[in-house]
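*Asks:* A single structure is presented below for examination.
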Amino acid sequence: MSQPVTERREQTIRRITAMKKRMILERPTELLPERALLVTAAYEEHAAEPPVMQRAYALQKVLAEMTLFMDDDELFVGHPSPRPRSPIVCPELGACWILDDLDSFATRSADAIGLTEENKFVLRDCLTKWRRSSLDAVVDRLLSEEVKNALDEGMITVGGRGTAQGNISINYRKLLAKGLRGIIGEIDEKLRTDMPRDIEGTKKRTFWKAARISCEAVITFAHRYADLTARKAEETDDARRKAELLEMSATLRRVPEFPAATFREALQSLWLVYTVLHIEADPHAILLGRFDQYMYPFYARDKAEGRISDEDVLELLASLWIKCTAIIKLMDSVTTRTFAGFPLFQNVTIGGQGSHGEDASNDLSRLILDAAVRARVTQPSIGFRYHNKIDPDMLYKVAETIREGLGYPAVMNDNCIIPKHLIRGATLEEARNYCTNCVETDIEGMTDSRAHSGYVNFPKCLLLAMNDGVDPDTGRRIGPRTGRLETFSSFDKLFAAYETQVAHFTRLIVDAYDLIDGAHAVHAPEPFMSSLLDDCIERGMTRQEGGVRYNFSGIFGVGLASVADAMAAVRKLCFDDRSVAPSAMMEALKNNFQNAKTLRNSCEEAPKFGNDDDYVDLIARDAAHIFCREVTQYPCMRGGFYIPELHSVSTHVYFGEVTGATPDGRLKGIAFSDGASPVGGRDRQGPTAAVRSMTKIDHQEVLQGVLYNQKFSRTLLKGPGEVAAFTDYIRTYCDLGGHHIQFNMISTEELRKAQENPSAYRDLIVRVAGYSAYFTELNRNTQDEIIARTEYEELS
Amino acid sequence: MTLVSTNERGIIYKIARYALHDGPGIRTTVFLKGCPLRCLWCCSPESQSGEPELAKREELCLTCSVCTGEPETCPGGALERIGREVTAQALLKEVERDRPFWRRSGGGVTLSGGEPLFQPQFVKEFLQRCRERHIHTAIESSLFCKRELLEELMDLVDYFQFDLKAMDREQHLRLTGLDNRVILDNAATLLRSAKSLLTRIPLVPGCNDGEPNLRKLGAFLERHRPGAFLEILPYHRMGVGRYEELGRAYPLPDTLPPTKEEMERALKILREYPIRVINEGGR
């Protein structure tokens with residue numbers, strides 16, 4: 001520790017740069033069959049076991065036999081596949097779609113993944129065995145024709161059809177405090193005291209046994225890594241590296257089996273477990289929770305006792321960011337087009353309140369921001385919890401970090417969000433302990449809120465409402481008969497028809513997702529993750545069965561601003577001004593505004609959301625409200641209920657592609673508005689006006705969250721005075737009741753340059769929706785859409 | 001001062017929300033139309049005339065056979081009407097939408113232009129209404145106005161921002177079309193008595209960046225308000241397109257923004273005086 005500061009700092013930078021280069025920037029993506037083969041063998045060996053046991057044995061086999069990855073500069077280890085940026089294959093969940101996409105992985109336009117002919121052959125052989133039994137095969141047999149039709153027409157999407165679902169944070173505090181040995185103790189206690197008297201009891205015991213096998217397998221996995229690091233220590237001649245490796249080896253003998261004693265142990269413990277959560281089922285968005293809270297005691301103690309310096313912590317945290325980004329998930333070609341940029345939606349929460357409502361931000365929160373800036377990679381995002389007692393210096397530092405243009409931290413507003421958790425059933429203390437997804441929020445370690453259960457295409461619902469349930473573009477009947485625009489005597493009649501369409505498609509998602517949810521419970525339980533979630537062990541149920549304390553399913557409304565703009569145009573032209581005949585409007589939409597230049601011009605001139613104009617803003621508010629009302633009425637299969645969210649990730653691009661022209665003047669195929677944000681380029685009255693429009697929507701009732709993605713020019717944050725004003729701007733958004741706001745801090749000119757010359761811009765990060773991505777990895781359409789979003793330039 | 005009961009009308013051409021450089025905090029800046037000065041470097045030529053006018057963006061013009069000349073019916077969106085009439089009351093209602101942002105940031109309303117003091121009755125009524133509603137007010141002016149008006153405004157304005165473009169009378173006349181005696185007189189009054197203000201100089205190479213002008217400016221500020229803030233605004237050419245749209249010639253076709261060296265030279269000279277010189281963007 002007596003090393004000079006600058007030298008120590010350079011050492012960190014060298015290590016981070018080298019790791020980033022080897023694990024991300026220069027690492028080709030590659031699909032390897034190892035996990036698929038091991039899981040298939042395990043299922044064959046344990047063919048007579050119930051699925052939860054098969055899953056445990058599969059995990060056991062993979063952890064015992066998989067190729068261990070380790071980078072030469074790593075200070076803590078664990079990676080879910082043999083190589084960085086090599087997604088794992090889950091045949092038990094998605095054999096059918098993976099088989100369908102096998103020939104296109106390497107050639108698709110977005111997120112291509114390398115695959116050799118030999119591996120393709122091996123995978124095809126393996127996956128074919130699962131053709132009838134994988135989760136996606138089961139789900140396909142369950143879904144109704146009506147649902148499949150709505151999916152084909154791009155009215156809805158339904159999640160979890162061939163993949164595990166994440167957006168979940170395990171109870172890290174408990175893991176670090178008890179270790180897996182402690183968890184096994186809890187399980188053994190249940191096995192000892194809870195004898196089966198009925199079928200439920202038998203099922204519980206099966207889960208506990210499966211959880212026990214899984215936890216033991218993870219301990220063995222850690223010991224394999226301990227052996228590997230010890231071996232590497234023997235092999236190296238570099239004294240410093242040898243010491244590091246020996247310490248790592250000793251750490252891996254202790255954690256995650258036993259409670260963590262130091263910051264390094266805690267980090268190694270949680271990271272190895274994190275890795276295993278991917279290996280077990282590979283869901284997206286395994287959250288890192290309130291990292292600055294549960295890690296703080298380790299940091300503070302190590303620091304006080306001279307075991308660690310801030311530079312050490314920065315080095316470890318920057319490594320954590322790189323290791324997160326090195327994990328990618330296999331996604332199908334449709335999903336990849338809409339969720340481009342290999343997002344895993346990993347998220348770290350900082351700031352927020354303690355259990356007594358006090359400001360919980362601390363020195364570790366600040367180090368997290370510094371480390372993210374130093375690592376400059378896409379994952380994990382940071383969610384900063386704002387509240388009224390936040391330390392002003394913390395908020396200032398957050399604003400400065402936003403200026404760096406990483407696309408994060410996003411600002412989450414405690415004032416709006418804590419009451420939502422109370423409505424969702426939590427105690428005040430629990431509510432104060434929520435952690436962030438990209439937009440959604442969950443109480444750490446005890447919520448399974450299934451974001452992405454389904455998405456509704458709002459603007460297409462309007463088109464059906466105007467045309468008696470028939471898509472004007474294709475002439476196909478998709479929705480219920482609700483009359484034609486020509487027959488509506490008032491705008492309210494049109495709105496009522498729209499409500500009916502939204503209600504219908506929401507209901508379809510619920511019907512479909514309940515079936516999928518059930519299929520997950522039977523076929524895709526996760527005994528290991530469940531053992532780290534309250535109260536799965538206590539209840540003897542996996543999270544798929546509803547073992548978690550709080551359960552929800554999230555349905556996303558897509559294109560709110562687009563549909564509000566479209567309704568405002570119809571209202572103005574066809575009802576208020578009566579300057580356009582309804583039949584002329586329908587004709588123009590059908591023909592994609594061909595030969596209707598003047599009409600399209602009038603449509604574009606109509607009021608647009610994002611300009612503080614009640615005429616359209618209140619339509620947006622009402623459209624959001626009826627959606628929330630429809631969604632929240634349905635209970636979900638695991639207990640709890642469905643909750644609404646105004647967020648589209650990048651589904652607004654996909655839905656736009658499959659929807660005809662809309663009355664706001666938008667042409668067929670063009671992307672819709674992102675999240676609840678105004679349509680790109682249509683908010684022209686400056687950021688304060690856009691904020692006022694945004695906050696006329698009642699964020700409080702949108703229980704899963706409201707995304708506001710605002711593009712800000714870096715020129716607006718040049719000096720300290722401007723950064724301070726920006727913090728006041730954020731505060732005001734929160735005063736007005738906003739749920740979430742994030743900023744894309746980049747100049748359009750810079751993005752265009754990056755399009756033309758991608759090799760010079762590999763490092764360029766943009767916020768796509770709820771996540772950040774390397775701009776050059778996005779497809780051209782997504783890039784164009786990002787460029788189109790309004791850039792606020794200072795009016796000079 | 002007594003309450004103004006009339007409902008004065010003014011002509012404005014733009015409202016900028018989230019303005020950060022027109023006074024403290026997050027501000028809502030109202031640009032009034034009409035200005036007696038004709039500064040050669042003016043970047044908002046649309047602000048000069050006191051009447052509403054039309055601008056045309058040629059690249060958007062569809063060259064329709066029957067051009068009505070009305071922006072409202074222009075299908076390409078090439079025509080734009082600049083300037084609209086508002087009452088003080090309606091304007092207040094419009095800008096007050098930003099009140100939550102002012103409250104958080106210590107911001108408020110700024111009247112800019114054009115020359116806001118060219119519409120004195122409207123400005124007075126508007127500012128008085130702001131006073132009644134405890135809104136922080138700022139004004140950005142050339143100070144080309146009657147002394148009495150300025151004195152009336154002292155009670156209504158919390159923050160003054162003004163340019164001293166050239167200290168020499170002849171030079172000022174050549175660059176702006178007007179004599180600067182009234183302006184300097186008003187500036188001296190403000191510098192001596194206003195609570196909160198900022199003096200600025202647009203630094204235009206070849207126009208007002210000569211050493212004698214800078215020295216006179218420094219001495220003037222030293223004499224009337226030692227320690228005063230002076231902000232240097234480097235000349236820019238972002239207004240060029242606006243002249244084209246209005247069908248006017250740009251008065252300084254060959255002038256370029258000051259180089260880094262030219263800026264540093266000016267800063268060096270001004271920093272010899274006991275005033276606080278700030279470089280635009282550096283705050």
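In the structure tokens, the first chain shown is A, the next is B, and so on; residue numbers restart at 1 for each chain, and ligands run from 1 in the order shown.
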Would you kindly return, as a PyMOL selection string, each protein, DNA or RNA residue with an atom no farther than 9 Å from any atom of segment 232-249 of chain B, considering only C-alpha atoms and excluding same-chain residues fewer than 4 positions away?
*Replies:* chain B and resi 41-46+53-58+199-205+253+255-258+263+266-267+277-280
*Asks:* Suppose we keep N, CA and C atoms; can you now write the selection as a compact mmCIF listing (two decimals), in the first residue's frame?
*Replies:*
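This is the output file part.txt:
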# COMPACT_ATOMS: atom_id res chain seq x y z
N TRP B 41 -22.74 42.31 -36.51
CA TRP B 41 -22.57 40.88 -36.21
C TRP B 41 -23.87 40.25 -35.71
N CYS B 42 -24.94 41.01 -35.73
CA CYS B 42 -26.20 40.53 -35.14
C CYS B 42 -26.52 39.11 -35.66
N CYS B 43 -26.77 38.18 -34.73
CA CYS B 43 -27.03 36.80 -35.13
C CYS B 43 -28.52 36.50 -35.19
N SER B 44 -29.34 37.50 -34.90
CA SER B 44 -30.79 37.26 -34.99
C SER B 44 -31.44 38.42 -35.75
N PRO B 45 -31.20 38.47 -37.06
CA PRO B 45 -31.73 39.57 -37.85
C PRO B 45 -33.26 39.63 -37.79
N GLU B 46 -33.89 38.48 -37.48
CA GLU B 46 -35.34 38.47 -37.40
C GLU B 46 -35.84 39.28 -36.20
N GLU B 53 -42.82 39.24 -39.57
CA GLU B 53 -42.33 39.11 -40.94
C GLU B 53 -42.22 37.64 -41.34
N LEU B 54 -41.94 37.41 -42.62
CA LEU B 54 -41.88 36.06 -43.13
C LEU B 54 -40.44 35.65 -43.42
N ALA B 55 -40.12 34.41 -43.10
CA ALA B 55 -38.82 33.85 -43.50
C ALA B 55 -39.10 32.65 -44.39
N LYS B 56 -38.18 32.38 -45.28
CA LYS B 56 -38.39 31.28 -46.21
C LYS B 56 -37.14 30.40 -46.29
N ARG B 57 -37.33 29.11 -46.09
CA ARG B 57 -36.21 28.19 -46.24
C ARG B 57 -36.30 27.58 -47.63
N GLU B 58 -35.40 28.05 -48.48
CA GLU B 58 -35.48 27.68 -49.91
C GLU B 58 -35.43 26.17 -50.12
N THR B 199 -22.03 42.55 -17.27
CA THR B 199 -21.69 43.29 -18.48
C THR B 199 -21.01 42.32 -19.43
N ARG B 200 -21.28 42.49 -20.72
CA ARG B 200 -20.67 41.58 -21.67
C ARG B 200 -20.13 42.34 -22.88
N ILE B 201 -19.19 41.74 -23.56
CA ILE B 201 -18.73 42.31 -24.82
C ILE B 201 -18.66 41.19 -25.86
N PRO B 202 -19.36 41.39 -26.99
CA PRO B 202 -19.19 40.45 -28.07
C PRO B 202 -17.86 40.77 -28.74
N LEU B 203 -16.95 39.84 -28.78
CA LEU B 203 -15.62 40.12 -29.32
C LEU B 203 -15.61 39.79 -30.81
N VAL B 204 -15.64 40.86 -31.63
CA VAL B 204 -15.75 40.67 -33.08
C VAL B 204 -14.45 41.11 -33.73
N PRO B 205 -13.67 40.16 -34.25
CA PRO B 205 -12.37 40.52 -34.83
C PRO B 205 -12.52 41.58 -35.91
N PRO B 253 -19.43 39.37 -44.28
CA PRO B 253 -19.21 38.10 -45.00
C PRO B 253 -17.83 37.49 -44.74
N THR B 255 -15.70 38.05 -41.96
CA THR B 255 -15.18 38.00 -40.59
C THR B 255 -15.26 36.57 -40.04
N LEU B 256 -14.20 36.17 -39.35
CA LEU B 256 -14.17 34.83 -38.76
C LEU B 256 -14.19 34.94 -37.23
N PRO B 257 -14.67 33.91 -36.56
CA PRO B 257 -14.64 33.93 -35.09
C PRO B 257 -13.22 34.13 -34.59
N PRO B 258 -13.07 34.75 -33.41
CA PRO B 258 -11.73 34.98 -32.89
C PRO B 258 -10.99 33.65 -32.67
N MET B 263 -8.55 35.51 -28.53
CA MET B 263 -9.31 35.50 -27.27
C MET B 263 -8.36 35.72 -26.10
N ALA B 266 -7.19 39.30 -25.75
CA ALA B 266 -8.22 40.18 -25.19
C ALA B 266 -8.35 39.95 -23.68
N LEU B 267 -8.34 38.67 -23.30
CA LEU B 267 -8.45 38.35 -21.88
C LEU B 267 -7.29 38.95 -21.10
N VAL B 277 -13.10 38.91 -15.23
CA VAL B 277 -13.39 38.61 -16.62
C VAL B 277 -13.71 37.12 -16.77
N ILE B 278 -14.84 36.83 -17.39
CA ILE B 278 -15.16 35.42 -17.60
C ILE B 278 -15.29 35.13 -19.09
N ASN B 279 -14.88 33.92 -19.39
CA ASN B 279 -14.88 33.47 -20.77
C ASN B 279 -16.16 32.68 -20.97
N GLU B 280 -16.89 32.94 -22.02
CA GLU B 280 -18.18 32.28 -22.21
C GLU B 280 -18.03 30.76 -22.13
*Asks:* At a cut-off of 6 Å, using only C-alpha atoms, what residues contact segment 32-43 of chain A? Leave out same-chain residues fewer than 5 positions from it and give the result as a PDB file with C-alpha atoms, in the first residue's frame.
*Replies:*
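around11.pdb written:
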ATOM      1  CA  GLN A  54     -33.361 -32.904 -13.601  1.00  0.00           C
ATOM      2  CA  ALA A  58     -28.005 -30.690 -15.075  1.00  0.00           C
ATOM      3  CA  VAL A  62     -22.276 -28.500 -16.038  1.00  0.00           C
ATOM      4  CA  VAL A  89     -27.181 -22.706 -25.215  1.00  0.00           C
ATOM      5  CA  CYS A  90     -30.211 -23.844 -23.204  1.00  0.00           C
ATOM      6  CA  PRO A  91     -31.717 -26.711 -25.220  1.00  0.00           C
ATOM      7  CA  LEU A 123     -25.672 -28.465 -31.909  1.00  0.00           C
TER       8      LEU A 123
END
*Asks:* Taking only C-alpha atoms into account and nothing else, which residues of chain A lie no more than 6 Å away from chain B? Please answer as a list of chain:residue names.
*Replies:*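 In the required form, that comes to A:Gly686, A:Gly719, A:Gly721, A:Asp728, A:Thr732.
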*Asks:* Find the residues near Val653 of chain A: any atom within 10 Å, counting only C-alpha atoms, skip ones fewer than 3 places away on the same chain, and give them as a list of chain:residue names.
*Replies:*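 So, after excluding close chain neighbours, the residues are A:Arg337, A:Thr338, A:Phe339, A:Val558, A:Gly559, A:Ser648, A:Val649, A:Ser650, A:Gly656, A:Glu657, A:Val658, A:Gly669, A:Ile670, A:Ala671, A:Phe672, A:Ser673, A:Asp674, A:Asn781, A:Thr782, A:Glu785.
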*Asks:* May I have the residues within 12 Å of segment 237-247 of chain A as a count of residues only, using only C-alpha atoms and disregarding those fewer than 3 positions away in the same chain?
*Replies:* 28
*Asks:* Set the distance at 8 Å and use only C-alpha atoms: which residues neighbour Thr325 of chain A once local chain neighbours fewer than 4 positions away are removed? I'd like the list as a ChimeraX atom specification.
*Replies:* /A:24,321,377-380
*Asks:* Would you list the contacts of Glu152 of chain B as a PyMOL selection string, taking every protein, DNA or RNA residue within 12 Å and counting only C-alpha atoms, but skipping same-chain residues closer than 3 positions in sequence?
*Replies:* chain B and resi 1-2+117+120-121+123-125+127-128+145-149+155-157
*Asks:* Skipping near chain neighbours, those fewer than 2 positions away, what residues fall within 12 Å of Arg276 of chain B using only C-alpha atoms, listed as a list in words?
*Replies:*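 In the requested form, the answer reads Leu198, Thr199, Arg200, Gly218, Leu221, Glu222, Arg225, Pro226, Gly227, Ala228, Phe229, Leu230, Glu231, Ile232, Leu267, Lys268, Leu270, Arg271, Glu272, Tyr273, Pro274, Ile278 and Asn279 of chain B.
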*Asks:* Tell me which of A:Val502, A:Ala371, A:Met541, A:Ala561 sits closest to Arg629 of chain A, counting only C-alpha atoms.
*Replies:*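 Counting only C-alpha atoms, the residue closest to Arg629 of chain A is A:Val502.
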*Asks:* Which residues in segment 339-524 of chain A does DSSP call strand (DSSP E or B)? List them as a VMD selection string.
*Replies:* chain A and resid 347 to 351 353 359 381 to 386 410 to 413 434 to 436 441 to 443 447 to 448 454 to 457 467 470 477 484
*Asks:* Mind dumping the selected residues with N, CA and C atoms as a compact mmCIF listing (two decimals), in the first residue's frame?
*Replies:*
# COMPACT_ATOMS: atom_id res chain seq x y z
N ASN A 347 -28.07 -4.58 -13.93
CA ASN A 347 -28.24 -3.26 -13.35
C ASN A 347 -27.72 -3.21 -11.92
N VAL A 348 -27.07 -2.09 -11.61
CA VAL A 348 -26.60 -1.84 -10.26
C VAL A 348 -27.36 -0.62 -9.73
N THR A 349 -27.87 -0.73 -8.53
CA THR A 349 -28.59 0.39 -7.93
C THR A 349 -27.65 1.14 -6.98
N ILE A 350 -27.70 2.47 -7.03
CA ILE A 350 -26.96 3.25 -6.03
C ILE A 350 -27.89 4.32 -5.45
N GLY A 351 -27.48 4.85 -4.31
CA GLY A 351 -28.24 5.93 -3.67
C GLY A 351 -29.49 5.40 -2.99
N GLN A 353 -32.71 5.37 -0.15
CA GLN A 353 -32.91 5.60 1.28
C GLN A 353 -32.59 4.35 2.09
N ASP A 359 -30.79 9.33 3.91
CA ASP A 359 -30.01 9.20 2.68
C ASP A 359 -29.02 8.05 2.84
N SER A 381 -25.86 -1.32 -16.35
CA SER A 381 -26.32 0.05 -16.19
C SER A 381 -26.39 0.37 -14.71
N ILE A 382 -26.46 1.67 -14.43
CA ILE A 382 -26.59 2.09 -13.04
C ILE A 382 -27.92 2.82 -12.89
N GLY A 383 -28.67 2.43 -11.88
CA GLY A 383 -29.89 3.16 -11.55
C GLY A 383 -29.62 3.95 -10.28
N PHE A 384 -29.73 5.26 -10.38
CA PHE A 384 -29.50 6.11 -9.21
C PHE A 384 -30.84 6.48 -8.60
N ARG A 385 -31.00 6.15 -7.33
CA ARG A 385 -32.26 6.46 -6.64
C ARG A 385 -32.21 7.85 -6.05
N TYR A 386 -33.03 8.72 -6.61
CA TYR A 386 -33.13 10.10 -6.11
C TYR A 386 -34.21 10.18 -5.04
N ALA A 410 -29.27 6.10 -14.87
CA ALA A 410 -30.64 6.57 -15.01
C ALA A 410 -31.09 7.06 -13.64
N VAL A 411 -31.98 8.03 -13.63
CA VAL A 411 -32.47 8.56 -12.36
C VAL A 411 -33.83 7.93 -12.06
N MET A 412 -33.92 7.32 -10.88
CA MET A 412 -35.17 6.71 -10.43
C MET A 412 -35.66 7.53 -9.25
N ASN A 413 -36.93 7.83 -9.23
CA ASN A 413 -37.46 8.76 -8.22
C ASN A 413 -38.15 8.01 -7.08
N TYR A 434 -36.00 -1.05 -2.35
CA TYR A 434 -36.17 -1.53 -3.72
C TYR A 434 -34.87 -1.32 -4.50
N CYS A 435 -34.70 -2.15 -5.52
CA CYS A 435 -33.57 -1.97 -6.42
C CYS A 435 -34.10 -1.81 -7.84
N THR A 436 -33.23 -1.38 -8.75
CA THR A 436 -33.72 -1.00 -10.07
C THR A 436 -33.37 -2.04 -11.12
N THR A 441 -38.78 -1.63 -10.96
CA THR A 441 -38.13 -1.66 -9.65
C THR A 441 -38.69 -2.84 -8.87
N ASP A 442 -37.84 -3.47 -8.10
CA ASP A 442 -38.24 -4.63 -7.31
C ASP A 442 -37.60 -4.57 -5.94
N ILE A 443 -38.26 -5.16 -4.99
CA ILE A 443 -37.63 -5.22 -3.68
C ILE A 443 -36.61 -6.35 -3.71
N THR A 447 -38.72 -10.33 -4.87
CA THR A 447 -39.73 -10.00 -5.87
C THR A 447 -39.43 -10.75 -7.16
N ASP A 448 -40.48 -11.29 -7.77
CA ASP A 448 -40.36 -11.88 -9.10
C ASP A 448 -41.43 -11.19 -9.94
N GLY A 454 -45.42 -9.35 -21.73
CA GLY A 454 -46.03 -9.10 -23.04
C GLY A 454 -46.02 -7.63 -23.36
N TYR A 455 -46.14 -7.33 -24.65
CA TYR A 455 -46.16 -5.94 -25.12
C TYR A 455 -47.40 -5.73 -25.98
N VAL A 456 -48.07 -4.59 -25.79
CA VAL A 456 -49.24 -4.25 -26.61
C VAL A 456 -48.87 -3.14 -27.58
N ASN A 457 -49.27 -3.31 -28.82
CA ASN A 457 -49.03 -2.30 -29.87
C ASN A 457 -50.17 -1.29 -29.85
N ASN A 467 -61.37 1.15 -37.68
CA ASN A 467 -61.75 0.36 -38.85
C ASN A 467 -62.43 -0.96 -38.48
N VAL A 470 -60.47 -4.22 -38.23
CA VAL A 470 -59.75 -4.70 -39.42
C VAL A 470 -58.51 -3.82 -39.63
N ARG A 477 -59.03 -9.04 -40.60
CA ARG A 477 -59.69 -8.81 -39.31
C ARG A 477 -58.79 -9.36 -38.21
N ARG A 484 -66.75 1.81 -37.24
CA ARG A 484 -65.82 2.49 -38.13
C ARG A 484 -65.79 3.98 -37.83
*Asks:* Write down as a ChimeraX atom specification the residues of segment 137-215 of chain A whose backbone DSSP state falls under alpha helix (DSSP H).
*Replies:* /A:137-142,145-152,172-193,199-215
*Asks:* Take atom CA of Arg666 of chain A and atom CA of Asp492 of chain A and report the distance between them in Å, one decimal.
*Replies:*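 Spanning atom CA of Arg666 of chain A to atom CA of Asp492 of chain A is a straight-line distance of 22.7 Å.
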*Asks:* Using Å and a single decimal, report how far atom CA of Phe552 of chain A sits from atom CA of Asp152 of chain A.
*Replies:*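 Going from atom CA of Asp152 of chain A over to atom CA of Phe552 of chain A covers 26.0 Å.
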*Asks:* Could you work out how far atom CA of Thr110 of chain B lies from atom CA of Leu191 of chain B, giving the answer in Å with one decimal?
*Replies:*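 A separation of 18.9 Å between them.
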*Asks:* Looking at only C-alpha atoms, which of B:Leu178, B:Leu184, B:Lys195, B:Lys33 is the one that sits closest to Phe220 of chain B?
*Replies:*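 Selected residue with least distance to Phe220 of chain B: B:Leu184.
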